[in-house]
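Below is one structure; the comments refer to it alone.
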Amino acid sequence: MMDTPPEDAPHAPYLGALEALRNPERAAGMRSYHKADRIYLGLTNPQLNDLTKQWRDDLDVPDRVVIADGLWQTDIYEARIAAAKLLTQARLRPDDAAAWALIASWAPDFDSWAIADHACTAGQKRLVADPARLDEIAQWTGSDHLWIKRAALVITLPWAKQNNPKPEETAARERILGWMAQYATDQRWFIQKAVAWWLRELSKHDAARVTAFLDAHGAQMRPFAAKEAARHMRP
């Protein structure tokens, strides 16, 4: 049984909208797939996208932050995904510290790739809006928490996808590649997969830089990760 929030809780009607679409059969399959011990409602991604798009259109940023906070705290799978989607937008007006602070505060709760990746997608937009926030992400790279450490790479993926980076963007990219040089020796599968993902994206825009990274650090990586990183490059 899930805890029912007070009727006057700001997020209560939004949680109710999620619960109204509950699909127990699909929820059971999701629980088996994701393996994290929490409530699943069985909603599809299109359903979540439709709901959260309407909510973003109807709510101002401060209200979205409050509702996202409440939804996240339920620890219900779809509520956490919806919380992240509420704050996933290239430009938030105002782009105040509250949205970023909330997203960053979620990192210790990451316990699976799916929720973490949705939260990081929201965080990517806020990092691009204010790259000085990379200083905070740098602290994640030293975490003993698998999912926080991995999130430092997922949330910085925009710097792997720039075609013609400005000098300050190149400097930020090199900073992140410096983090990955340290990650190369971390043999955990999800860390190696994240390194490979970042390098694979970068290879589409700067293959030479990925080649240089692999020449320097590829031998320390797990073979599958080094192969995946080079997948889009010519032999």
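Identifiers for the structure tokens are assigned positionally: chains receive A, B, ... in sequence, residues are indexed from 1 per chain, and ligands are indexed from 1 in the order shown.
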Closest pair table for region 81-163 of chain A residues within 8 Å of region 33-40 of chain A, only C-alpha atoms, as a tab-separated table:
```
residue	atom	partner	partner_atom	distance
A:Asp111	CA	A:Ala36	CA	7.1
A:Ser112	CA	A:Ala36	CA	6.9
A:Ala114	CA	A:His34	CA	8.0
```
Practice task
List the neighbours of region 161-175 of chain A out to 8 Å using only C-alpha atoms; skip same-chain residues closer than 5 positions along the sequence, and give me the result as a list in words.
Solution key: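 So the residues in contact are Glu201, Leu202, Lys204, His205 and Asp206 of chain A.
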Handout entry: Selected residue, from A:Ala116, A:Ala132, A:Ala122, A:Ala68, that lies nearest to Arg150 (chain A) when counting only C-alpha atoms
Key = A:Ala116
Practice task
Mind checking which residues fall within 10 Å of Gln192 (chain A), counting only C-alpha atoms, ignoring those fewer than 2 positions away in the same chain, and posting them as a list of chain:residue names?
Solution key: A:Arg150, A:Met180, A:Tyr183, A:Ala184, A:Thr185, A:Asp186, A:Gln187, A:Arg188, A:Trp189, A:Phe190, A:Ala194, A:Val195, A:Ala196, A:Trp197, A:Met221, A:Arg222, A:Pro223, A:Phe224, A:Ala225, A:Ala226, A:Glu228, A:Ala229
Practice task
Rank nothing, just name the residue among A:Leu102, A:Ala107, A:Ala216, A:Ile148 nearest to Gly178 (chain A), using only C-alpha atoms.
Solution key: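 Looking only at the distances to Gly178 (chain A), the closest residue turns out to be A:Ala216.
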Would you kindly return, as a PDB file with C-alpha atoms, in the first residue's frame, each protein, DNA or RNA residue with an atom no farther than 7 Å from any atom of Gly42 (chain A), considering only C-alpha atoms and excluding same-chain residues fewer than 5 positions away?
```pdb
ATOM      1  CA  ARG A  22      -2.442   2.506 -12.947  1.00  0.00           C
ATOM      2  CA  ASN A  23      -1.904  -0.782 -14.787  1.00  0.00           C
ATOM      3  CA  PRO A  24      -1.174  -3.564 -12.249  1.00  0.00           C
ATOM      4  CA  ARG A  26       2.382  -3.827 -16.437  1.00  0.00           C
ATOM      5  CA  ALA A  27       3.522  -2.641 -13.008  1.00  0.00           C
ATOM      6  CA  MET A  30       8.320  -3.199 -14.466  1.00  0.00           C
TER       7      MET A  30
END
```
Exercise for the section: Mind the document's chain letters and residue numbers, and return as a VMD selection string the residues of region 3-170 of chain A that DSSP labels helix (DSSP H, G or I). Expected result: chain A and resid 12 to 19 24 to 34 45 to 58 61 to 73 77 to 86 97 to 105 107 to 109 113 to 129 131 to 140 146 to 154 157 to 160 167 to 170
Problem - Pick from A:Met233, A:Arg133, A:Pro158, A:Ala151, whichever lies nearest to Ala208 (chain A) using only C-alpha atoms - result: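 Nearest candidate to Ala208 (chain A) out of A:Met233, A:Arg133, A:Pro158, A:Ala151: A:Met233.
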Exercise for the section: Quick one: everything within 12 Å of Lys53 (chain A), counting only C-alpha atoms, minus sequence neighbours fewer than 3 positions away in the same chain. Send it as a list in words. Expected result: Asn45, Pro46, Gln47, Leu48, Asn49, Asp50, Arg56, Asp57, Asp58, Leu59, Arg64, Ala82, Ala83, Ala84, Lys85, Leu86, Leu87, Thr88 and Gln89 of chain A
Take the residues from that selection and write them out as an mmCIF file, in the first residue's frame, keeping N, CA and C atoms.
```cif
data_model
loop_
_atom_site.group_PDB
_atom_site.id
_atom_site.type_symbol
_atom_site.label_atom_id
_atom_site.label_comp_id
_atom_site.auth_asym_id
_atom_site.auth_seq_id
_atom_site.Cartn_x
_atom_site.Cartn_y
_atom_site.Cartn_z
ATOM 1 N N ASN A 45 5.758 5.463 -20.998
ATOM 2 C CA ASN A 45 6.437 6.748 -21.202
ATOM 3 C C ASN A 45 5.555 7.769 -21.921
ATOM 4 N N PRO A 46 4.823 7.368 -22.983
ATOM 5 C CA PRO A 46 3.929 8.354 -23.614
ATOM 6 C C PRO A 46 2.900 8.931 -22.639
ATOM 7 N N GLN A 47 2.382 8.105 -21.755
ATOM 8 C CA GLN A 47 1.426 8.620 -20.763
ATOM 9 C C GLN A 47 2.096 9.656 -19.854
ATOM 10 N N LEU A 48 3.296 9.339 -19.391
ATOM 11 C CA LEU A 48 4.017 10.279 -18.531
ATOM 12 C C LEU A 48 4.367 11.552 -19.286
ATOM 13 N N ASN A 49 4.760 11.409 -20.541
ATOM 14 C CA ASN A 49 5.099 12.597 -21.338
ATOM 15 C C ASN A 49 3.889 13.503 -21.526
ATOM 16 N N ASP A 50 2.737 12.911 -21.827
ATOM 17 C CA ASP A 50 1.527 13.709 -22.044
ATOM 18 C C ASP A 50 1.119 14.454 -20.770
ATOM 19 N N ARG A 56 3.621 21.169 -17.171
ATOM 20 C CA ARG A 56 4.598 22.245 -17.419
ATOM 21 C C ARG A 56 3.920 23.465 -18.032
ATOM 22 N N ASP A 57 2.968 23.218 -18.930
ATOM 23 C CA ASP A 57 2.257 24.331 -19.565
ATOM 24 C C ASP A 57 1.399 25.100 -18.561
ATOM 25 N N ASP A 58 0.878 24.400 -17.569
ATOM 26 C CA ASP A 58 -0.076 25.007 -16.635
ATOM 27 C C ASP A 58 0.581 25.662 -15.419
ATOM 28 N N LEU A 59 1.816 25.266 -15.101
ATOM 29 C CA LEU A 59 2.434 25.680 -13.846
ATOM 30 C C LEU A 59 3.612 26.609 -14.072
ATOM 31 N N ARG A 64 6.255 24.250 -10.016
ATOM 32 C CA ARG A 64 6.790 22.992 -10.513
ATOM 33 C C ARG A 64 7.826 22.414 -9.559
ATOM 34 N N ALA A 82 8.100 11.531 -13.255
ATOM 35 C CA ALA A 82 7.313 12.743 -13.511
ATOM 36 C C ALA A 82 7.964 13.961 -12.869
ATOM 37 N N ALA A 83 8.521 13.801 -11.680
ATOM 38 C CA ALA A 83 9.211 14.915 -11.020
ATOM 39 C C ALA A 83 10.352 15.423 -11.892
ATOM 40 N N ALA A 84 11.137 14.494 -12.441
ATOM 41 C CA ALA A 84 12.242 14.896 -13.308
ATOM 42 C C ALA A 84 11.733 15.576 -14.572
ATOM 43 N N LYS A 85 10.676 15.021 -15.176
ATOM 44 C CA LYS A 85 10.152 15.600 -16.410
ATOM 45 C C LYS A 85 9.563 16.993 -16.178
ATOM 46 N N LEU A 86 9.037 17.240 -14.990
ATOM 47 C CA LEU A 86 8.512 18.572 -14.687
ATOM 48 C C LEU A 86 9.585 19.648 -14.783
ATOM 49 N N LEU A 87 10.842 19.264 -14.534
ATOM 50 C CA LEU A 87 11.934 20.233 -14.519
ATOM 51 C C LEU A 87 12.860 20.095 -15.716
ATOM 52 N N THR A 88 12.451 19.289 -16.708
ATOM 53 C CA THR A 88 13.261 19.107 -17.911
ATOM 54 C C THR A 88 12.843 20.112 -18.965
ATOM 55 N N GLN A 89 13.609 21.171 -19.072
ATOM 56 C CA GLN A 89 13.296 22.245 -20.015
ATOM 57 C C GLN A 89 14.553 23.068 -20.222
#
```
Completion exercise
re CA of Pro5 (chain A) and CA of Gly70 (chain A): distance 9.1 Å
Problem - Residue among A:Ala219, A:Ala79, A:Leu127, A:Ile191 lying closest to Lys149 (chain A), counting only C-alpha atoms - result: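 Under the stated criterion, the closest residue is A:Ile191.
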Practice task
Pick out the residues sitting within 10 Å of Ala9 (chain A), and hand them over as a PyMOL selection string; count only C-alpha atoms, and ignore anything fewer than 5 positions along from it in its own chain.
Solution key: chain A and resi 4+14+66-67+70
All heavy atoms of the current selection, written as a compact mmCIF listing (two decimals), in the first residue's frame:
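The result, stored in result26.txt:
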```
# COMPACT_ATOMS: atom_id res chain seq x y z
N THR A 4 -0.99 7.78 1.25
CA THR A 4 -1.77 8.80 0.56
C THR A 4 -1.43 10.16 1.14
O THR A 4 -1.54 10.35 2.35
CB THR A 4 -3.28 8.53 0.71
OG1 THR A 4 -3.57 7.23 0.19
CG2 THR A 4 -4.09 9.58 -0.04
N TYR A 14 -1.63 15.65 -8.57
CA TYR A 14 -0.75 15.16 -9.64
C TYR A 14 -0.44 13.68 -9.43
O TYR A 14 -0.43 12.90 -10.39
CB TYR A 14 0.51 16.01 -9.70
CG TYR A 14 0.18 17.46 -9.95
CD1 TYR A 14 -0.05 18.34 -8.89
CD2 TYR A 14 0.01 17.93 -11.25
CE1 TYR A 14 -0.42 19.66 -9.11
CE2 TYR A 14 -0.35 19.26 -11.49
CZ TYR A 14 -0.57 20.11 -10.42
OH TYR A 14 -0.96 21.40 -10.65
N VAL A 66 7.98 22.85 -6.30
CA VAL A 66 7.28 22.34 -5.12
C VAL A 66 6.64 20.98 -5.42
O VAL A 66 6.75 20.03 -4.63
CB VAL A 66 6.23 23.34 -4.64
CG1 VAL A 66 5.33 22.72 -3.57
CG2 VAL A 66 6.91 24.60 -4.08
N ILE A 67 5.97 20.88 -6.56
CA ILE A 67 5.27 19.64 -6.90
C ILE A 67 6.26 18.53 -7.22
O ILE A 67 6.08 17.37 -6.81
CB ILE A 67 4.30 19.89 -8.07
CG1 ILE A 67 3.17 20.80 -7.60
CG2 ILE A 67 3.75 18.57 -8.62
CD1 ILE A 67 2.40 21.45 -8.71
N GLY A 70 7.51 17.08 -3.98
CA GLY A 70 6.54 16.18 -3.36
C GLY A 70 6.43 14.85 -4.08
O GLY A 70 6.37 13.79 -3.44
```
Determine, counting only C-alpha atoms, which protein, DNA and RNA residues have an atom within 8 Å of an atom of region 90-92 of chain A; residues of the same chain fewer than 5 positions away are not included. Present the result as a PDB file with N, CA, C and O atoms, in the first residue's frame.
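result.pdb written:
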```pdb
ATOM      1  N   VAL A  61       7.390  28.060 -12.714  1.00  0.00           N
ATOM      2  CA  VAL A  61       8.556  27.310 -12.252  1.00  0.00           C
ATOM      3  C   VAL A  61       8.544  27.074 -10.745  1.00  0.00           C
ATOM      4  O   VAL A  61       8.791  25.946 -10.286  1.00  0.00           O
ATOM      5  N   LYS A 125      20.090  20.258 -18.568  1.00  0.00           N
ATOM      6  CA  LYS A 125      19.600  21.566 -19.005  1.00  0.00           C
ATOM      7  C   LYS A 125      20.060  22.671 -18.061  1.00  0.00           C
ATOM      8  O   LYS A 125      20.389  23.779 -18.470  1.00  0.00           O
ATOM      9  N   ARG A 126      20.051  22.369 -16.774  1.00  0.00           N
ATOM     10  CA  ARG A 126      20.444  23.366 -15.781  1.00  0.00           C
ATOM     11  C   ARG A 126      21.953  23.581 -15.768  1.00  0.00           C
ATOM     12  O   ARG A 126      22.420  24.683 -15.474  1.00  0.00           O
ATOM     13  N   ALA A 129      22.677  25.792 -18.716  1.00  0.00           N
ATOM     14  CA  ALA A 129      22.244  27.155 -18.399  1.00  0.00           C
ATOM     15  C   ALA A 129      23.250  27.874 -17.523  1.00  0.00           C
ATOM     16  O   ALA A 129      23.417  29.099 -17.622  1.00  0.00           O
TER      17      ALA A 129
END
```
